[in-house]
file final.cif (mmCIF, C-alpha atoms and all ligand atoms)
data_run
#
loop_
_atom_site.label_atom_id
_atom_site.label_comp_id
_atom_site.auth_asym_id
_atom_site.auth_seq_id
_atom_site.Cartn_x
_atom_site.Cartn_y
_atom_site.Cartn_z
CA MET N 1247 116.48 83.50 127.61
CA ARG N 1248 113.49 82.16 129.54
CA ALA N 1249 110.03 82.02 127.97
CA LEU N 1250 106.54 80.62 128.63
CA THR N 1251 106.02 77.99 125.93
CA VAL N 1252 103.49 75.38 124.83
CA ILE N 1253 103.55 72.47 122.41
CA PRO N 1254 100.58 73.51 120.23
CA LYS N 1255 97.59 71.11 120.07
CA LYS N 1256 98.96 69.13 123.05
CA PRO N 1257 96.91 69.97 126.16
CA GLY N 1258 98.63 71.05 129.35
CA THR N 1259 102.16 71.62 128.03
CA ALA N 1260 102.69 75.20 129.25
CA GLU N 1261 106.07 75.57 130.93
CA VAL N 1262 108.80 78.12 131.41
CA ARG N 1263 111.94 76.99 129.67
CA GLU N 1264 115.20 78.19 128.22
CA VAL N 1265 114.91 79.14 124.51
CA PRO N 1266 117.33 80.78 122.08
CA ASP N 1267 117.49 84.59 122.22
CA PRO N 1268 115.77 86.34 119.31
CA VAL N 1269 118.19 87.73 116.72
CA PRO N 1270 116.84 91.07 115.44
CA ALA N 1271 117.07 91.60 111.68
CA ASP N 1272 118.51 94.93 110.49
CA ASP N 1273 115.04 96.44 110.12
CA GLU N 1274 113.92 95.21 113.55
CA VAL N 1275 113.97 96.74 117.00
CA ALA N 1276 115.11 94.74 120.05
CA ILE N 1277 112.77 94.90 123.05
CA ASP N 1278 113.14 93.88 126.68
CA VAL N 1279 109.75 92.66 127.92
CA ILE N 1280 108.52 94.28 131.13
CA ARG N 1281 105.18 92.52 131.57
CA VAL N 1282 102.69 90.43 129.61
CA GLY N 1283 98.96 89.95 130.19
CA LEU N 1284 97.47 86.48 129.85
CA CYS N 1285 93.89 85.84 128.75
CA GLY N 1286 91.42 83.12 127.81
CA THR N 1287 93.06 82.71 124.40
CA ASP N 1288 96.36 81.74 126.05
CA ALA N 1289 94.52 79.26 128.28
CA GLU N 1290 92.71 77.77 125.26
CA ILE N 1291 96.05 77.34 123.46
CA ASP N 1292 97.39 75.53 126.54
CA HIS N 1293 94.24 73.36 126.47
CA GLY N 1294 95.29 72.32 122.96
CA GLU N 1295 92.29 73.95 121.26
CA TYR N 1296 94.43 75.90 118.81
CA GLY N 1297 97.83 77.53 118.40
CA VAL N 1298 100.48 76.98 115.72
CA ALA N 1299 104.25 76.90 116.32
CA PRO N 1300 106.52 78.93 114.02
CA PRO N 1301 107.90 77.02 111.02
CA GLY N 1302 110.76 74.78 112.16
CA SER N 1303 109.87 75.03 115.86
CA ASP N 1304 108.08 72.40 117.93
CA PHE N 1305 107.05 74.97 120.55
CA LEU N 1306 105.27 78.31 120.60
CA ILE N 1307 106.10 81.16 122.97
CA LEU N 1308 102.78 82.35 124.41
CA GLY N 1309 101.61 85.90 125.12
CA HIS N 1310 100.10 88.59 122.90
CA GLU N 1311 99.34 91.35 125.46
CA SER N 1312 102.73 93.00 125.72
CA PHE N 1313 104.57 95.90 127.29
CA GLY N 1314 108.30 96.46 127.01
CA ARG N 1315 111.24 98.76 126.44
CA VAL N 1316 113.34 99.24 123.29
CA THR N 1317 116.96 98.24 123.89
CA ARG N 1318 118.27 98.64 120.36
CA ARG N 1319 116.87 100.66 117.48
CA ALA N 1320 116.57 99.29 113.93
CA ARG N 1321 119.82 99.45 111.96
CA THR N 1322 118.25 100.34 108.63
CA ALA N 1323 116.40 103.59 108.10
CA GLY N 1324 112.67 103.49 107.54
CA LYS N 1325 109.39 103.97 109.30
CA GLY N 1326 109.45 104.09 113.08
CA MET N 1327 112.88 105.69 113.54
CA GLU N 1328 111.53 107.46 116.63
CA LEU N 1329 111.78 104.10 118.38
CA VAL N 1330 115.12 104.78 120.02
CA GLU N 1331 116.59 103.01 123.03
CA SER N 1332 114.43 103.17 126.21
CA THR N 1333 111.16 103.95 124.36
CA LEU N 1334 108.30 102.07 126.04
CA VAL N 1335 106.23 100.08 123.55
CA VAL N 1336 103.25 97.78 123.07
CA ALA N 1337 103.23 95.51 120.02
CA SER N 1338 100.24 94.62 117.87
CA VAL N 1339 99.50 90.94 117.30
CA ARG N 1340 98.58 90.07 113.71
CA ARG N 1341 101.06 90.05 110.81
CA PRO N 1342 99.90 90.27 107.19
CA ASP N 1343 99.75 87.75 104.37
CA GLY N 1344 99.76 89.20 100.85
CA CYS N 1345 96.00 89.72 100.46
CA PRO N 1346 94.61 93.04 99.18
CA ASN N 1347 93.54 94.19 102.66
CA CYS N 1348 96.73 93.08 104.44
CA SER N 1349 98.74 94.87 101.73
CA ARG N 1350 96.90 98.07 102.63
CA GLY N 1351 97.70 97.84 106.34
CA GLU N 1352 94.44 96.15 107.29
CA ALA N 1353 95.57 92.69 108.41
CA ASP N 1354 92.68 92.79 110.89
CA MET N 1355 90.40 92.59 107.81
CA CYS N 1356 92.43 89.83 106.12
CA LEU N 1357 90.74 88.12 103.16
CA TRP N 1358 92.95 85.07 102.65
CA GLY N 1359 93.28 83.95 106.26
CA ASP N 1360 97.00 83.18 105.90
CA TYR N 1361 97.98 85.83 108.44
CA THR N 1362 100.11 84.96 111.44
CA GLU N 1363 99.58 86.13 115.03
CA ARG N 1364 102.26 86.58 117.65
CA GLY N 1365 101.86 84.04 120.45
CA ILE N 1366 98.90 82.39 118.72
CA ARG N 1367 99.56 81.33 115.17
CA GLY N 1368 102.91 80.80 113.48
CA ILE N 1369 105.07 83.39 115.30
CA HIS N 1370 106.38 83.43 118.83
CA GLY N 1371 104.62 85.65 121.36
CA PHE N 1372 105.91 88.05 123.97
CA CYS N 1373 105.90 86.09 127.24
CA ALA N 1374 109.68 85.90 127.23
CA GLU N 1375 112.57 88.05 128.37
CA ARG N 1376 113.11 89.59 124.93
CA TYR N 1377 111.65 89.84 121.44
CA ALA N 1378 112.45 91.52 118.13
CA GLU N 1379 109.93 93.37 115.96
CA ARG N 1380 109.65 95.76 113.04
CA PRO N 1381 108.93 99.33 114.17
CA GLU N 1382 105.67 99.53 112.20
CA TYR N 1383 104.10 97.01 114.63
CA LEU N 1384 105.18 98.86 117.78
CA PHE N 1385 103.29 101.67 119.52
CA PRO N 1386 105.21 104.09 121.76
CA VAL N 1387 103.67 104.42 125.23
CA PRO N 1388 103.76 107.72 127.16
CA ASP N 1389 105.27 107.46 130.67
CA GLU N 1390 102.01 108.44 132.41
CA ILE N 1391 100.27 105.24 131.29
CA ALA N 1392 103.28 102.91 131.54
CA ASP N 1393 101.75 101.04 134.51
CA VAL N 1394 98.55 100.20 132.62
CA ALA N 1395 99.75 99.91 128.99
CA VAL N 1396 99.61 96.11 129.21
CA LEU N 1397 95.82 96.62 129.01
CA LEU N 1398 96.09 98.22 125.56
CA GLU N 1399 95.74 95.04 123.51
CA PRO N 1400 92.51 93.82 125.20
CA LEU N 1401 91.11 97.36 124.88
CA THR N 1402 91.78 97.43 121.12
CA ILE N 1403 89.09 94.78 120.57
CA SER N 1404 86.44 97.30 121.62
CA GLU N 1405 88.27 100.19 119.94
CA LYS N 1406 87.92 98.43 116.60
CA GLY N 1407 84.30 97.46 117.28
CA TRP N 1408 83.42 101.05 118.15
CA ARG N 1409 85.30 102.46 115.14
CA HIS N 1410 83.49 100.11 112.78
CA LEU N 1411 80.16 100.86 114.41
CA THR N 1412 80.57 104.63 114.09
CA ALA N 1413 81.59 104.14 110.43
CA ALA N 1414 78.48 102.03 109.79
CA GLN N 1415 76.21 104.47 111.60
CA ARG N 1416 77.06 107.16 109.06
CA ARG N 1417 74.17 105.47 107.24
CA MET N 1418 72.10 108.01 109.23
CA THR N 1419 72.47 111.79 109.14
CA VAL N 1420 72.70 111.84 112.93
CA TRP N 1421 73.43 109.01 115.36
CA GLU N 1422 73.51 110.01 119.01
CA PRO N 1423 73.74 106.82 121.08
CA LYS N 1424 72.78 107.14 124.73
CA ARG N 1425 72.54 103.65 126.21
CA ALA N 1426 74.79 100.65 125.99
CA ILE N 1427 74.79 97.20 127.53
CA VAL N 1428 77.99 95.22 127.82
CA THR N 1429 77.43 91.51 128.39
CA GLY N 1430 80.37 89.92 130.19
CA ALA N 1431 82.26 91.44 133.13
CA GLY N 1432 85.74 90.11 132.33
CA PRO N 1433 88.67 92.28 131.20
CA VAL N 1434 87.33 92.85 127.66
CA GLY N 1435 83.86 93.74 128.98
CA ILE N 1436 85.18 96.11 131.64
CA LEU N 1437 87.51 97.83 129.15
CA ALA N 1438 84.58 98.13 126.72
CA ALA N 1439 82.62 99.83 129.50
CA VAL N 1440 85.52 102.27 130.00
CA LEU N 1441 85.48 103.14 126.29
CA LEU N 1442 81.71 103.58 126.19
CA ARG N 1443 81.72 105.75 129.35
CA LEU N 1444 84.45 107.92 127.79
CA ARG N 1445 82.15 108.34 124.75
CA GLY N 1446 79.41 109.58 127.10
CA LEU N 1447 77.09 106.59 127.04
CA GLU N 1448 75.11 105.29 129.96
CA VAL N 1449 76.49 101.78 130.44
CA THR N 1450 75.21 98.66 132.17
CA VAL N 1451 77.59 95.73 132.46
CA VAL N 1452 75.80 92.42 132.71
CA ASP N 1453 77.34 89.49 134.55
CA ARG N 1454 76.02 85.95 134.94
CA SER N 1455 75.91 85.89 138.73
CA GLU N 1456 76.28 88.70 141.20
CA ARG N 1457 79.88 89.64 142.08
CA PRO N 1458 79.76 92.55 144.54
CA GLY N 1459 83.40 93.41 143.80
CA ARG N 1460 82.61 93.94 140.12
CA ARG N 1461 79.55 96.05 140.96
CA ALA N 1462 81.65 98.33 143.19
CA LEU N 1463 84.45 98.51 140.64
CA LEU N 1464 82.15 99.51 137.78
CA ALA N 1465 80.44 102.11 139.95
CA LYS N 1466 83.79 103.94 140.02
CA ILE N 1467 83.46 104.72 136.30
CA GLY N 1468 79.74 105.44 136.60
CA ALA N 1469 78.67 102.17 135.00
CA SER N 1470 75.73 100.15 136.31
CA TYR N 1471 75.97 96.45 136.97
CA ALA N 1472 73.39 93.69 136.77
CA ALA N 1473 73.51 89.93 137.21
CA THR N 1474 71.24 87.86 134.96
CA SER N 1475 70.76 85.36 137.81
CA VAL N 1476 68.80 88.14 139.52
CA THR N 1477 67.70 90.42 136.67
CA PRO N 1478 67.08 88.79 133.26
CA LEU N 1479 68.75 90.52 130.32
CA GLN N 1480 65.31 91.42 128.95
CA GLU N 1481 64.59 93.37 132.12
CA VAL N 1482 67.96 95.13 132.03
CA ALA N 1483 67.30 96.19 128.44
CA GLY N 1484 63.73 97.23 129.16
CA ARG N 1485 64.58 99.30 132.21
CA SER N 1486 64.94 102.76 130.65
CA GLY N 1487 64.23 103.45 127.04
CA HIS N 1488 65.92 101.69 124.17
CA THR N 1489 69.41 100.25 123.92
CA ASP N 1490 71.63 101.69 121.20
CA VAL N 1491 74.56 99.31 121.53
CA ILE N 1492 74.97 95.84 123.01
CA LEU N 1493 78.57 94.64 123.09
CA ASP N 1494 79.01 90.98 123.90
CA ALA N 1495 82.15 89.77 125.63
CA THR N 1496 80.75 86.75 127.47
CA GLY N 1497 82.45 83.97 125.53
CA SER N 1498 78.97 82.47 125.06
CA SER N 1499 77.15 82.03 121.75
CA GLN N 1500 73.76 82.08 123.49
CA VAL N 1501 73.92 85.63 124.82
CA PRO N 1502 74.29 87.29 121.37
CA PHE N 1503 70.97 85.79 120.23
CA ALA N 1504 69.25 87.14 123.32
CA ALA N 1505 70.88 90.51 122.62
CA MET N 1506 69.65 90.58 119.02
CA ASP N 1507 66.09 90.26 120.30
CA LEU N 1508 66.56 93.31 122.57
CA ILE N 1509 68.35 95.89 120.45
CA GLY N 1510 66.69 99.29 120.04
CA PRO N 1511 65.91 101.28 116.89
CA ASN N 1512 68.92 101.69 114.55
CA GLY N 1513 71.06 99.98 117.16
CA ALA N 1514 73.86 97.49 116.92
CA VAL N 1515 74.99 94.26 118.53
CA ILE N 1516 78.79 93.97 118.53
CA LEU N 1517 80.16 90.44 118.87
CA THR N 1518 83.67 89.82 120.22
CA SER N 1519 83.59 86.28 121.63
CA VAL N 1520 85.54 83.60 119.77
CA THR N 1521 83.42 80.62 120.78
CA GLY N 1522 85.38 77.40 120.48
CA GLY N 1523 82.59 74.88 121.00
CA THR N 1524 80.14 73.10 118.71
CA ARG N 1525 76.98 74.12 120.51
CA SER N 1526 73.53 74.16 118.88
CA LEU N 1527 70.74 76.33 120.15
CA GLU N 1528 67.00 76.72 119.69
CA VAL N 1529 66.18 80.41 119.32
CA PRO N 1530 62.99 82.44 118.64
CA ALA N 1531 64.12 82.97 115.06
CA ASP N 1532 60.99 84.79 113.85
CA ASP N 1533 61.13 87.24 116.74
CA ILE N 1534 64.84 87.90 116.30
CA ASN N 1535 64.56 88.33 112.56
CA LYS N 1536 61.59 90.67 112.94
CA ARG N 1537 63.38 92.71 115.60
CA LEU N 1538 66.49 93.09 113.47
CA VAL N 1539 64.45 94.12 110.42
CA LEU N 1540 62.08 96.52 112.18
CA SER N 1541 64.99 98.09 114.12
CA ASN N 1542 67.29 98.60 111.13
CA ALA N 1543 69.66 96.72 113.40
CA LEU N 1544 73.28 95.88 112.78
CA VAL N 1545 75.02 92.74 114.00
CA LEU N 1546 78.72 93.33 113.78
CA GLY N 1547 81.49 90.83 114.43
CA THR N 1548 84.93 92.15 115.23
CA VAL N 1549 88.31 90.46 115.62
CA ASN N 1550 91.86 91.67 116.14
CA ALA N 1551 92.55 95.39 115.69
CA ASN N 1552 94.19 97.85 113.35
CA ALA N 1553 97.12 100.18 114.08
CA VAL N 1554 94.63 103.05 114.37
CA ASP N 1555 92.87 101.16 117.17
CA PHE N 1556 96.12 100.78 119.09
CA ARG N 1557 96.79 104.54 118.73
CA GLN N 1558 93.24 105.44 119.79
CA GLY N 1559 93.52 102.94 122.65
CA LEU N 1560 96.57 104.79 123.99
CA VAL N 1561 94.58 108.05 123.88
CA ASP N 1562 91.70 106.39 125.74
CA LEU N 1563 93.92 104.77 128.38
CA ALA N 1564 95.36 108.22 129.12
CA ALA N 1565 91.88 109.80 129.21
CA ALA N 1566 90.59 107.06 131.54
CA GLU N 1567 93.62 107.45 133.81
CA ARG N 1568 92.97 111.22 134.08
CA ARG N 1569 89.24 110.82 134.69
CA TRP N 1570 89.32 107.83 137.05
CA PRO N 1571 92.83 107.76 138.54
CA GLY N 1572 93.88 104.29 139.63
CA PHE N 1573 90.90 102.51 138.06
CA LEU N 1574 92.83 100.86 135.24
CA LEU N 1575 95.60 99.76 137.58
CA SER N 1576 93.01 98.09 139.82
CA LEU N 1577 92.07 95.81 136.90
CA ILE N 1578 95.45 94.09 137.21
CA THR N 1579 94.52 91.83 140.10
CA ARG N 1580 97.33 89.28 140.05
CA ARG N 1581 101.01 89.48 139.19
CA VAL N 1582 103.26 86.44 138.95
CA PRO N 1583 106.96 86.25 138.13
CA LEU N 1584 108.03 84.61 134.86
CA GLU N 1585 109.07 81.34 136.55
CA ARG N 1586 105.45 80.92 137.76
CA ALA N 1587 103.83 82.18 134.52
CA ALA N 1588 101.97 78.92 133.86
CA GLU N 1589 99.96 79.51 137.06
CA ALA N 1590 98.42 82.64 135.58
CA LEU N 1591 96.89 80.58 132.76
CA ARG N 1592 94.45 78.93 135.16
CA HIS N 1593 90.99 80.44 135.08
CA ASP N 1594 90.17 82.15 138.35
CA PRO N 1595 86.83 84.02 138.42
CA ALA N 1596 88.13 86.17 141.27
CA GLN N 1597 90.80 87.68 139.00
CA ILE N 1598 90.31 90.33 136.36
CA LYS N 1599 93.65 90.63 134.55
CA GLN N 1600 96.54 88.35 135.45
CA VAL N 1601 99.95 89.52 134.30
CA VAL N 1602 103.41 88.01 134.20
CA GLU N 1603 106.04 90.38 135.55
CA ILE N 1604 109.15 89.74 133.50
CA ARG N 1605 111.10 92.81 134.73
CA PRO N 1606 109.20 94.11 137.77
ZN ZN F 1701 95.40 89.04 104.43
#

call {"tool": "encode", "arguments": {"input": "final.cif", "output": "C-alpha cells", "more": "lines below"}}
Ligand SMILES: [Zn+2]
result
Amino acid sequence: MRALTVIPKKPGTAEVREVPDPVPADDEVAIDVIRVGLCGTDAEIDHGEYGVAPPGSDFLILGHESFGRVTRRARTAGKGMELVESTLVVASVRRPDGCPNCSRGEADMCLWGDYTERGIRGIHGFCAERYAERPEYLFPVPDEIADVAVLLEPLTISEKGWRHLTAAQRRMTVWEPKRAIVTGAGPVGILAAVLLRLRGLEVTVVDRSERPGRRALLAKIGASYAATSVTPLQEVAGRSGHTDVILDATGSSQVPFAAMDLIGPNGAVILTSVTGGTRSLEVPADDINKRLVLSNALVLGTVNANAVDFRQGLVDLAAAERRWPGFLLSLITRRVPLERAAEALRHDPAQIKQVVEIRP
C-alpha cells in the first residue's frame, strides 16, 4: 500500500512510498483510511525535531488525526465487537506502557513515559491506505458527523483540558465560569472556542495579527476575535469583568506567562502548546506569582487525551454541527490526494486544517 513516511530525526524526508500492508492480529480490526488531518506535530517530525520509527523499521508512517472504515472485524471475541464491517471510526493516538496509570486505561496520564504514539513515537500512523488496530482504541462515528470526524483528535486536546479543569474546580462548592480567552487561532484554538461556546461561555479568540477571515469565521459561533498587534492581551482581558479560563494554543511559551498575569479570581490557565525550542524569557515574576496566589489560580498543562475525551468529543462535534451547520466543515480548508500528502505538511497561515484524502 502507499503511505506518507519520514525517516525520523532526518529533516525533510517526508515522501509517499510503497510499504508493506499491515497484517491484522486476531484481536485487531482492519481499517481502510478515508482521510487524515495533518498538523504542526507532523511538520515538526518532518523537520527532524522528534519522531521514532517502530522497532525494526527505518521509517515512520505519519498521521495521527484519522478517519476510516472497518473492513474486517476482529477474529477473537472481546471488547469492541460492535465494530463490524463498514463502521466508521476514529482511532486514538497513545498506546500504554505498563505503568499504574496506563494499566488503568489512562495512558494520557502515563507515569513512566515509555508509551508509544501512532504516527509519532514507535508505531506507524494512519496516513496510509490501511491500518490495523485493537477495537478498544477505535471510536465509532455516527454518519451525521462523518464529514467532520477527522477533527475529533485535535478537539480531544481541549476536551481533556476542560474535563480536568471541571474536576479541579470541584474545589469550590459552585463554579460558574462566564468568560474565556483562547490564545491562538489555529485548529486547536478554534476547536477549543467551539467547546467553550457549547458550554455557554463568552469566548474571545486572540490572534497575533488581524486575519479578517478568522474574525468572520469565529463570529459564526458567537465568539469574539482580537489581534494582539492591535489590542494587547491585557486590554482584551480587561475589557469586561474577569476571565475565568485562558486556554493557550499559540505554540509560544511567552503567551502563557502573560496569561498567568491576567487570570481572574479562582480561574485557570490551560496550557496545550508543546514548545520545541530552548527559549529563555524575562517575566514579571513577582506580579505573576502574586496574581496566581491572590486569585487561587490554577495553571494546568494537558497532553494527549483519554477514551472518555474521544467519546465526549463525538458528542460535541454532533452538537456543534446541529447548532452551527457547516461551521466544522469550513475548518477543513485544503484537501490533497495521498500522492501529494507531503505538500500538506508545509505551514500555510491561510489554511486552518489541511487533510489528506485517501479515499475521497
Ligand atoms: Zn504509562

call {"tool": "atom_distance", "arguments": {"input": "final.cif", "atom1": "CA of Pro1342 in chain N", "atom2": "CA of Val1549 in chain N"}}
result
14.3 Å

call {"tool": "closest_residue", "arguments": {"input": "final.cif", "among": "N:Asp1532, N:Glu1422, N:Glu1585, N:Glu1295", "to": "Gly1258 in chain N", "atoms": "only C-alpha atoms"}}
result
N:Glu1295

call {"tool": "residues_near_ligand", "arguments": {"input": "final.cif", "ligand": "ligand ZN 1701 (chain F)", "cutoff": "12 Å", "atoms": "only C-alpha atoms and all ligand atoms", "output": "mmCIF file with C-alpha atoms, in the frame of the given file"}}
result
data_model
loop_
_atom_site.group_PDB
_atom_site.id
_atom_site.type_symbol
_atom_site.label_atom_id
_atom_site.label_comp_id
_atom_site.auth_asym_id
_atom_site.auth_seq_id
_atom_site.Cartn_x
_atom_site.Cartn_y
_atom_site.Cartn_z
ATOM 1 C CA ARG N 1340 98.580 90.070 113.710
ATOM 2 C CA ARG N 1341 101.060 90.050 110.810
ATOM 3 C CA PRO N 1342 99.900 90.270 107.190
ATOM 4 C CA ASP N 1343 99.750 87.750 104.370
ATOM 5 C CA GLY N 1344 99.760 89.200 100.850
ATOM 6 C CA CYS N 1345 96.000 89.720 100.460
ATOM 7 C CA PRO N 1346 94.610 93.040 99.180
ATOM 8 C CA ASN N 1347 93.540 94.190 102.660
ATOM 9 C CA CYS N 1348 96.730 93.080 104.440
ATOM 10 C CA SER N 1349 98.740 94.870 101.730
ATOM 11 C CA ARG N 1350 96.900 98.070 102.630
ATOM 12 C CA GLY N 1351 97.700 97.840 106.340
ATOM 13 C CA GLU N 1352 94.440 96.150 107.290
ATOM 14 C CA ALA N 1353 95.570 92.690 108.410
ATOM 15 C CA ASP N 1354 92.680 92.790 110.890
ATOM 16 C CA MET N 1355 90.400 92.590 107.810
ATOM 17 C CA CYS N 1356 92.430 89.830 106.120
ATOM 18 C CA LEU N 1357 90.740 88.120 103.160
ATOM 19 C CA TRP N 1358 92.950 85.070 102.650
ATOM 20 C CA GLY N 1359 93.280 83.950 106.260
ATOM 21 C CA ASP N 1360 97.000 83.180 105.900
ATOM 22 C CA TYR N 1361 97.980 85.830 108.440
ATOM 23 C CA THR N 1362 100.110 84.960 111.440
ATOM 24 C CA GLU N 1363 99.580 86.130 115.030
#

call {"tool": "residues_near_point", "arguments": {"input": "final.cif", "point": "(85.0, 102.6, 130.4)", "cutoff": "12 Å", "atoms": "only C-alpha atoms", "output": "JSON, numbers by chain"}}
result
{"N": [1401, 1404, 1405, 1426, 1427, 1428, 1431, 1433, 1434, 1435, 1436, 1437, 1438, 1439, 1440, 1441, 1442, 1443, 1444, 1445, 1446, 1447, 1448, 1449, 1450, 1451, 1463, 1464, 1465, 1466, 1467, 1468, 1469, 1470, 1559, 1562, 1563, 1564, 1565, 1566, 1567, 1569, 1570, 1573, 1574, 1577]}

call {"tool": "closest_residue", "arguments": {"input": "final.cif", "among": "N:Leu1397, N:Val1491, N:Met1247, N:Ala1531", "to": "Ala1543 in chain N", "atoms": "only C-alpha atoms"}}
result
N:Val1491

call {"tool": "residues_around", "arguments": {"input": "final.cif", "residues": "Ala1395 in chain N", "least_positions_apart": "6", "cutoff": "8 Å", "atoms": "all atoms listed in the file", "output": "VMD selection string"}}
result
chain N and resid 1313 1336 1387 1560 1563

call {"tool": "write_last_selection", "arguments": {"input": "final.cif", "atoms": "C-alpha atoms", "output": "JSON list (two decimals), keeping the file's coordinate frame"}}
result
[["chain", "number", "residue", "atom", "x", "y", "z"],
["N", 1313, "PHE", "CA", 104.57, 95.90, 127.29],
["N", 1336, "VAL", "CA", 103.25, 97.78, 123.07],
["N", 1387, "VAL", "CA", 103.67, 104.42, 125.23],
["N", 1560, "LEU", "CA", 96.57, 104.79, 123.99],
["N", 1563, "LEU", "CA", 93.92, 104.77, 128.38]]
